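Okay, structure first, notes after.
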Amino acid sequence: MSMDANEVRQAFVSFFEKRGHHHQASASLIPHDPTLLFTVAGMVPFKAYFTGEQIPPFNRAVSIQKCVRAGGKHNDLDEIGRTSRHFTFFEMMGNFSFGDYFKAEAITWAWEFVVDVLALDPERLWVTVHLSDDEAAEIWVNQVGVPPDRLQRLDEDNYWKMGSTGPCGPCSEIYWDKGPEFGAAGGPKYGDQDRYIEIWNLVFMQFEQQSDGTKSRLPKPSIDTGMGLERTVSVLQGVDSVWETNELRALLETAAGLTSVDLATASDEQKVSLRIVADHARSTSMLVSDGVFPSNEARGYVLRRILRRAVRHSYILGVDSTANAQSTVMGQMVDRVVEIMGPHYPDLVKNAAFIRDVIAREELRFRETLRTGQAILDNEMSKLLTDDSSATSQQLSGATAFLLHDTYGFPLELSEEITNEHGIKVDKDGFRLAMAEQQKRAKDARHEDSTTDSAPLVALLQNHGETHFTGREETESTAEIIYLDDKTVVLNRTPFYAEAGGQIGDTGSILTESAEITVADTRYGVPGLIVHQIGSVSGTPEVGQKVTATIDNQRRELIRRNHTATHLLHSALRTILGDHVKQQGSYVGPDRLRFDFSHYEALSAPQITEIEDYVNAQVLTNAHCNHFETTMEEAQRLGAIAFFGDKYGDVVRVLQAGPNSTELCGGTHVRA
Ligand code: GLY
């Protein structure tokens, strides 16, 4: 009996736990990283450990990370259904070393796992290394014993990058030869891609790609590996493609049932459409569960695109787009996804009704725009067809195609398909130009190009450790200056709260025997290191001087009240609107508070009144607020709400603001 997905998951984790790795649970698909749209690999949650911006609490980790590759550098959207190995959503198993072990261990353990634990036939395994990587080649051949003729060297394919910036390095991959019936021989380098399937990528992290195109060395060489769960299972189960593995097969059958296509006799094009429906049902369900909503911006836009693409393919397969609202295809696909994946993803089960609601509504909305878009297209086409200029100039303008795409959710291929039926082409260059302009706007919005030189701060963090924050107990602390330049000052300990979790930074003063510094703002320079922004200086402060650091306490009092109030507001929203409400951001200052949240419709006036009354009632009861440190497990047991994107160490802070609000929070709060 070959191993199933769950047995592989367990075997992977236990193999690396036995070799001293900390098992880290999967992080959210929404990364804690402004340069990425989605979590695209197992290493994403660990990025700051690789770059040295954060001190890792463990130097070896193992994880099974949910990943989405559907936008940005890692985008597999167009491959879905056309290959035997791509998904928009998949699970990546990985082992990681943060400046601990390097190539020799990573390579020998990977081989041991594949050959001894998974029991794959070593005669059918191939490995690749980067052109320049003699060291890895030497380990594979001399230490592991891979025959030199089954090792190949590749260029870009063996160089891994997280994104346009971030950690990167040469990599080495393990491939499985599915056999001659799948195409030409010649190994991964020369043979058929559907025959040689990559199952594991070992990345030797050594550099950080900067936004100006240069690379800097990481503080310590590290290891990041990624092994696709579904691919591995397809190899173990001896099936032709990832679509034949249990979970995907079941989803394909449901999609076939809903669209009345017979899986056994489906044409190649129909199979592609069915796979798109099945794959996209998984990724959209997981994304909504993690708090992404269909919208016209950034990740919400990618979600919308994926969803609409799936819906369109269900229509291509013959689903009636005028059918009643109860029978949305994707709503029913969500039910099946929850049934199949729920056992491994309890959040899916918990959020099931909500996910279904969001996805079904989006399908219905697309039905509307489908009709409007079709009308625009008909209108443009009739203008072009009555125009007597020569037939060769008859093309739909790029701007119209982009408008249809952007506003009406018509993918370019859909416009093309429809216009082609009338002998009209689409100006694809014009479309691409409009698209590039939009992407540039999106990129600017993601601050991809912002560069700050964090090297001196990383060095400080490494020499002094994280700043000791004293501001929960006192408003004035004695401390020592450990860094100073024109704009910033860093102390070994400080009562100043650095902007985080929506709460803005403290202001105040720092006094030395020879100088006075006013602090205009406080931020984290790199995670863990509190940096005071200098407003003005009188005298000559120096590194090493003893200081008295005092915050503007009146201002902090105002901030505290507003911060605790956001928690009451959050609990009011969840009580009145439902548990699906998720915080998307907030502002907590001395002047006011703002709380951003996701909900699928605008609030009604009576709902707003009800929310206000609820919060005011909580304030008036003046219940005790309990703010304490505990373990993540205990916090979960207490039912603490964790915001997406938060990163948790072993010790977390929990705020109980009265009887109805329990959340993780590192901010400062009132006591009652
Ligand atoms: N970070 C390794 C991979 O995604 O393949």
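Quick note on naming: the chains in the structure tokens go A, B, ... in the order shown, residues restart at 1 in each chain, and ligands are numbered from 1 in order of appearance.
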**Report entry** Neighbour list for segment 36-48 of chain A as a VMD selection string, cut-off 8 Å, only C-alpha atoms, skip fewer than 2 positions in-chain
**Finding:** chain A and resid 27 to 34 50 to 54 63 to 69 71 to 72 74 92 to 94 96 162 to 163 166 to 167 224 to 226 298 to 299
Query - Spatial neighbours of Glu633 of chain A, 10 Å, only C-alpha atoms, chain gap at least 5 places, as a VMD selection string - result: chain A and resid 638 to 639 650 to 652
Go ahead and write the residues just picked, N, CA and C atoms, as an mmCIF file, in the first residue's frame.
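Now in result.cif:
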data_model
loop_
_atom_site.group_PDB
_atom_site.id
_atom_site.type_symbol
_atom_site.label_atom_id
_atom_site.label_comp_id
_atom_site.auth_asym_id
_atom_site.auth_seq_id
_atom_site.Cartn_x
_atom_site.Cartn_y
_atom_site.Cartn_z
ATOM 1 N N LEU A 638 -7.959 29.701 25.744
ATOM 2 C CA LEU A 638 -8.827 30.768 26.250
ATOM 3 C C LEU A 638 -9.705 31.350 25.147
ATOM 4 N N GLY A 639 -9.487 30.879 23.920
ATOM 5 C CA GLY A 639 -10.315 31.360 22.809
ATOM 6 C C GLY A 639 -9.877 32.721 22.310
ATOM 7 N N ASP A 650 6.707 31.793 21.156
ATOM 8 C CA ASP A 650 6.133 30.848 22.099
ATOM 9 C C ASP A 650 5.353 31.572 23.173
ATOM 10 N N VAL A 651 5.820 32.792 23.519
ATOM 11 C CA VAL A 651 5.126 33.566 24.537
ATOM 12 C C VAL A 651 4.335 34.676 23.849
ATOM 13 N N VAL A 652 3.067 34.796 24.211
ATOM 14 C CA VAL A 652 2.229 35.825 23.595
ATOM 15 C C VAL A 652 1.552 36.640 24.696
#
Query - A:Leu229, A:Leu484, A:Ile641, A:Ile504 ranked by distance to His570 of chain A, top pick (using only C-alpha atoms) - result: A:Ile641
Report summary line: The distance between atom CA of Thr630 of chain A and atom CA of Val588 of chain A is 24.2 Å
Query raised in the report: So which residues touch segment 556-568 of chain A within 8 Å, counting only C-alpha atoms, skipping near sequence neighbours fewer than 6 positions away, as a count of residues only?
Result: 19
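Closest approach to ligand 1 among A:Tyr190, A:Phe89, A:Phe98, A:Trp200 is made by A:Trp200 (distances from only C-alpha atoms and all ligand atoms).
If only C-alpha atoms are the atoms counted, then among A:Ile223, A:Val261, A:Leu307, A:Ile608 the closest residue to His280 of chain A is A:Leu307.
The nearest approach to Glu513 of chain A among the residues A:Arg367, A:Lys440, A:Lys546, A:Lys161, with only C-alpha atoms taken into account, belongs to A:Lys546.
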Requested in this report: Might you pull out every residue within 10 Å of Tyr614 of chain A, with only C-alpha atoms counted and same-chain residues fewer than 6 positions away left off, and present them as a ChimeraX atom specification?
Outcome: /A:568-569,571-573,575-576,608
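Here atom CA of Phe58 of chain A is placed at a distance of 12.6 Å from atom CA of Tyr101 of chain A.
Taking segment 126-201 of chain A and asking which residues DSSP calls helix (DSSP H, G or I) on the backbone, you get Asp134, Glu135, Ala136, Ala137, Glu138, Ile139, Trp140, Val141, Asn142, Gln143, Val144, Pro148, Asp149, Arg150, Glu156, Asp157, Asn158, Pro180, Glu181, Phe182, Gly187, Pro188, Lys189 and Tyr190 of chain A.
Omitting Gly502 of chain A and its sequence neighbours fewer than 5 positions away, and counting only C-alpha atoms, the residues within 7 Å are Gly585, Ser586, Tyr587 and Val588 of chain A.
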Requested in this report: Tell me, in Å to one decimal, how far atom CA of Ser415 of chain A is from atom CA of Leu251 of chain A.
Outcome: 28.2 Å
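Each of A:Met205, A:Ile551, A:Leu370, A:Leu377 was checked against ligand 1 using only C-alpha atoms and all ligand atoms; the smallest atom-to-atom distance is that of A:Met205.
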Requested in this report: Do a neighbour search on segment 151-160 of chain A at 9 Å with only C-alpha atoms, toss out local chain neighbours closer than 4 positions, and write the hits as an MDAnalysis selection string.
Outcome: chainID A and resid 126:133 137 140:141 146:147 167:173 187:189 201 203:205
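With only C-alpha atoms and all ligand atoms as the atoms that count, the residue of A:Gln584, A:Ser241, A:Ser397, A:Asn75 with the shortest distance to ligand 1 is A:Asn75.
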Query raised in the report: Counting only C-alpha atoms, what is within 10 Å of Phe182 of chain A, bar same-chain residues fewer than 4 positions away, as an NGL selection string?
Result: :A and (177-178 or 191-196 or 240)
How would you write, as a tab-separated table (two decimals) with N, CA, C and O atoms, in the first residue's frame, the set of residues in segment 323-541 of chain A that DSSP gives as strand (DSSP E or B)?
chain	number	residue	atom	x	y	z
A	395	GLN	N	-10.03	45.60	-35.20
A	395	GLN	CA	-9.66	44.97	-33.93
A	395	GLN	C	-10.21	45.76	-32.75
A	395	GLN	O	-10.33	46.97	-32.79
A	396	LEU	N	-10.52	45.00	-31.72
A	396	LEU	CA	-11.03	45.60	-30.50
A	396	LEU	C	-9.86	46.32	-29.83
A	396	LEU	O	-8.78	45.75	-29.68
A	425	LYS	N	-10.16	40.78	-34.19
A	425	LYS	CA	-9.02	40.48	-33.30
A	425	LYS	C	-9.04	41.46	-32.12
A	425	LYS	O	-9.74	42.46	-32.14
A	426	VAL	N	-8.20	41.15	-31.13
A	426	VAL	CA	-8.05	42.06	-30.00
A	426	VAL	C	-6.65	42.67	-30.06
A	426	VAL	O	-5.68	41.95	-30.33
A	468	HIS	N	14.67	46.06	25.50
A	468	HIS	CA	13.78	45.74	26.62
A	468	HIS	C	12.74	46.86	26.75
A	468	HIS	O	13.09	48.00	27.02
A	469	PHE	N	11.46	46.53	26.54
A	469	PHE	CA	10.39	47.53	26.62
A	469	PHE	C	9.88	47.61	28.06
A	469	PHE	O	9.35	46.63	28.60
A	476	GLU	N	8.80	56.33	32.94
A	476	GLU	CA	10.15	56.92	32.92
A	476	GLU	C	11.13	55.82	33.29
A	476	GLU	O	10.89	55.09	34.24
A	477	SER	N	12.21	55.69	32.50
A	477	SER	CA	13.18	54.63	32.79
A	477	SER	C	14.59	55.18	32.66
A	477	SER	O	14.85	56.07	31.85
A	478	THR	N	15.50	54.61	33.44
A	478	THR	CA	16.91	54.92	33.21
A	478	THR	C	17.43	53.90	32.21
A	478	THR	O	17.03	52.74	32.24
A	479	ALA	N	18.33	54.37	31.34
A	479	ALA	CA	18.81	53.50	30.26
A	479	ALA	C	20.15	54.02	29.77
A	479	ALA	O	20.72	54.95	30.35
A	480	GLU	N	20.64	53.40	28.67
A	480	GLU	CA	21.93	53.81	28.12
A	480	GLU	C	21.79	53.93	26.60
A	480	GLU	O	21.10	53.13	25.96
A	481	ILE	N	22.47	54.94	26.03
A	481	ILE	CA	22.43	55.11	24.58
A	481	ILE	C	23.34	54.06	23.93
A	481	ILE	O	24.53	53.97	24.28
A	482	ILE	N	22.79	53.27	23.01
A	482	ILE	CA	23.65	52.28	22.33
A	482	ILE	C	23.85	52.63	20.86
A	482	ILE	O	24.68	52.03	20.18
A	483	TYR	N	23.10	53.59	20.36
A	483	TYR	CA	23.29	54.02	18.96
A	483	TYR	C	22.73	55.41	18.82
A	483	TYR	O	21.72	55.77	19.44
A	484	LEU	N	23.37	56.20	17.95
A	484	LEU	CA	22.94	57.59	17.78
A	484	LEU	C	23.36	58.07	16.39
A	484	LEU	O	24.48	57.83	15.97
A	488	THR	N	18.09	59.45	14.63
A	488	THR	CA	17.56	58.42	15.52
A	488	THR	C	18.47	58.14	16.71
A	488	THR	O	19.68	58.36	16.65
A	489	VAL	N	17.85	57.63	17.76
A	489	VAL	CA	18.62	57.20	18.92
A	489	VAL	C	18.04	55.87	19.41
A	489	VAL	O	16.82	55.67	19.40
A	490	VAL	N	18.94	54.95	19.79
A	490	VAL	CA	18.51	53.64	20.28
A	490	VAL	C	19.05	53.46	21.69
A	490	VAL	O	20.21	53.75	21.96
A	491	LEU	N	18.18	53.00	22.59
A	491	LEU	CA	18.56	52.75	23.99
A	491	LEU	C	18.54	51.24	24.26
A	491	LEU	O	17.88	50.50	23.53
A	493	ARG	N	17.14	49.93	26.89
A	493	ARG	CA	15.79	49.69	27.41
A	493	ARG	C	15.01	51.00	27.30
A	493	ARG	O	15.60	52.08	27.33
A	494	THR	N	13.70	50.91	27.17
A	494	THR	CA	12.95	52.15	26.97
A	494	THR	C	11.47	52.00	27.32
A	494	THR	O	10.89	50.93	27.10
A	500	ALA	N	3.07	49.73	16.45
A	500	ALA	CA	2.81	48.32	16.10
A	500	ALA	C	1.34	48.04	16.33
A	500	ALA	O	0.71	48.66	17.20
A	503	GLN	N	-1.28	50.82	16.87
A	503	GLN	CA	-1.03	51.84	17.90
A	503	GLN	C	0.20	52.66	17.52
A	503	GLN	O	1.27	52.10	17.27
A	508	GLY	N	8.10	62.00	23.64
A	508	GLY	CA	8.58	62.34	24.98
A	508	GLY	C	9.99	62.90	24.92
A	508	GLY	O	10.36	63.52	23.91
A	509	SER	N	10.78	62.65	25.96
A	509	SER	CA	12.12	63.21	25.98
A	509	SER	C	13.14	62.23	26.54
A	509	SER	O	12.80	61.33	27.31
A	510	ILE	N	14.39	62.44	26.13
A	510	ILE	CA	15.51	61.65	26.64
A	510	ILE	C	16.55	62.64	27.15
A	510	ILE	O	17.00	63.52	26.42
A	511	LEU	N	16.90	62.48	28.42
A	511	LEU	CA	17.78	63.43	29.08
A	511	LEU	C	19.11	62.76	29.45
A	511	LEU	O	19.10	61.69	30.07
A	515	ALA	N	22.82	66.66	27.63
A	515	ALA	CA	21.95	66.94	26.48
A	515	ALA	C	20.49	66.61	26.76
A	515	ALA	O	20.18	65.84	27.68
A	516	GLU	N	19.63	67.20	25.92
A	516	GLU	CA	18.22	66.82	25.96
A	516	GLU	C	17.76	66.54	24.53
A	516	GLU	O	17.97	67.35	23.63
A	517	ILE	N	17.13	65.40	24.37
A	517	ILE	CA	16.61	65.02	23.05
A	517	ILE	C	15.09	64.96	23.16
A	517	ILE	O	14.58	64.37	24.11
A	518	THR	N	14.37	65.58	22.22
A	518	THR	CA	12.94	65.33	22.20
A	518	THR	C	12.67	64.22	21.19
A	518	THR	O	13.30	64.15	20.13
A	519	VAL	N	11.74	63.34	21.55
A	519	VAL	CA	11.41	62.20	20.69
A	519	VAL	C	10.10	62.49	19.99
A	519	VAL	O	9.07	62.71	20.63
A	520	ALA	N	10.15	62.52	18.64
A	520	ALA	CA	8.96	62.88	17.86
A	520	ALA	C	8.11	61.66	17.52
A	520	ALA	O	6.91	61.78	17.25
A	521	ASP	N	8.74	60.50	17.53
A	521	ASP	CA	8.01	59.29	17.16
A	521	ASP	C	8.88	58.10	17.55
A	521	ASP	O	10.10	58.24	17.75
A	522	THR	N	8.27	56.91	17.65
A	522	THR	CA	9.04	55.71	18.00
A	522	THR	C	8.59	54.58	17.09
A	522	THR	O	7.40	54.35	16.92
A	523	ARG	N	9.59	53.90	16.50
A	523	ARG	CA	9.26	52.81	15.56
A	523	ARG	C	10.19	51.64	15.80
A	523	ARG	O	11.23	51.79	16.43
A	524	TYR	N	9.82	50.49	15.19
A	524	TYR	CA	10.76	49.38	15.15
A	524	TYR	C	11.67	49.60	13.95
A	524	TYR	O	11.19	49.71	12.82
A	525	GLY	N	13.00	49.66	14.17
A	525	GLY	CA	13.94	49.79	13.06
A	525	GLY	C	13.95	48.49	12.28
A	525	GLY	O	13.81	48.45	11.07
A	526	VAL	N	14.16	47.40	13.00
A	526	VAL	CA	13.95	46.04	12.52
A	526	VAL	C	13.18	45.38	13.66
A	526	VAL	O	13.19	45.88	14.78
A	529	LEU	N	13.82	45.80	17.64
A	529	LEU	CA	14.72	46.91	17.98
A	529	LEU	C	13.95	48.23	17.94
A	529	LEU	O	13.52	48.67	16.87
A	530	ILE	N	13.78	48.84	19.12
A	530	ILE	CA	12.99	50.08	19.21
A	530	ILE	C	13.88	51.28	18.89
A	530	ILE	O	14.95	51.45	19.47
A	531	VAL	N	13.43	52.10	17.93
A	531	VAL	CA	14.23	53.25	17.48
A	531	VAL	C	13.45	54.54	17.73
A	531	VAL	O	12.32	54.68	17.27
A	532	HIS	N	14.06	55.48	18.46
A	532	HIS	CA	13.41	56.76	18.73
A	532	HIS	C	13.77	57.73	17.62
A	532	HIS	O	14.95	57.88	17.28
A	533	GLN	N	12.75	58.40	17.07
A	533	GLN	CA	13.00	59.40	16.02
A	533	GLN	C	13.20	60.75	16.71
A	533	GLN	O	12.33	61.19	17.46
A	534	ILE	N	14.33	61.37	16.40
A	534	ILE	CA	14.68	62.61	17.10
A	534	ILE	C	13.87	63.79	16.55
A	534	ILE	O	13.80	63.98	15.34
A	535	GLY	N	13.25	64.57	17.46
A	535	GLY	CA	12.58	65.81	17.06
A	535	GLY	C	13.57	66.95	17.09
A	535	GLY	O	13.82	67.63	16.09
A	536	SER	N	14.21	67.16	18.26
A	536	SER	CA	15.25	68.20	18.36
A	536	SER	C	16.28	67.76	19.41
A	536	SER	O	16.00	66.91	20.24
A	537	VAL	N	17.46	68.38	19.32
A	537	VAL	CA	18.53	68.06	20.27
A	537	VAL	C	19.11	69.36	20.80
A	537	VAL	O	19.35	70.28	20.03
A	538	SER	N	19.32	69.42	22.12
A	538	SER	CA	20.15	70.51	22.62
A	538	SER	C	21.28	69.87	23.41
A	538	SER	O	21.06	68.89	24.11
A	539	GLY	N	22.50	70.41	23.26
A	539	GLY	CA	23.66	69.79	23.89
A	539	GLY	C	24.23	68.69	23.00
A	539	GLY	O	23.87	68.59	21.82
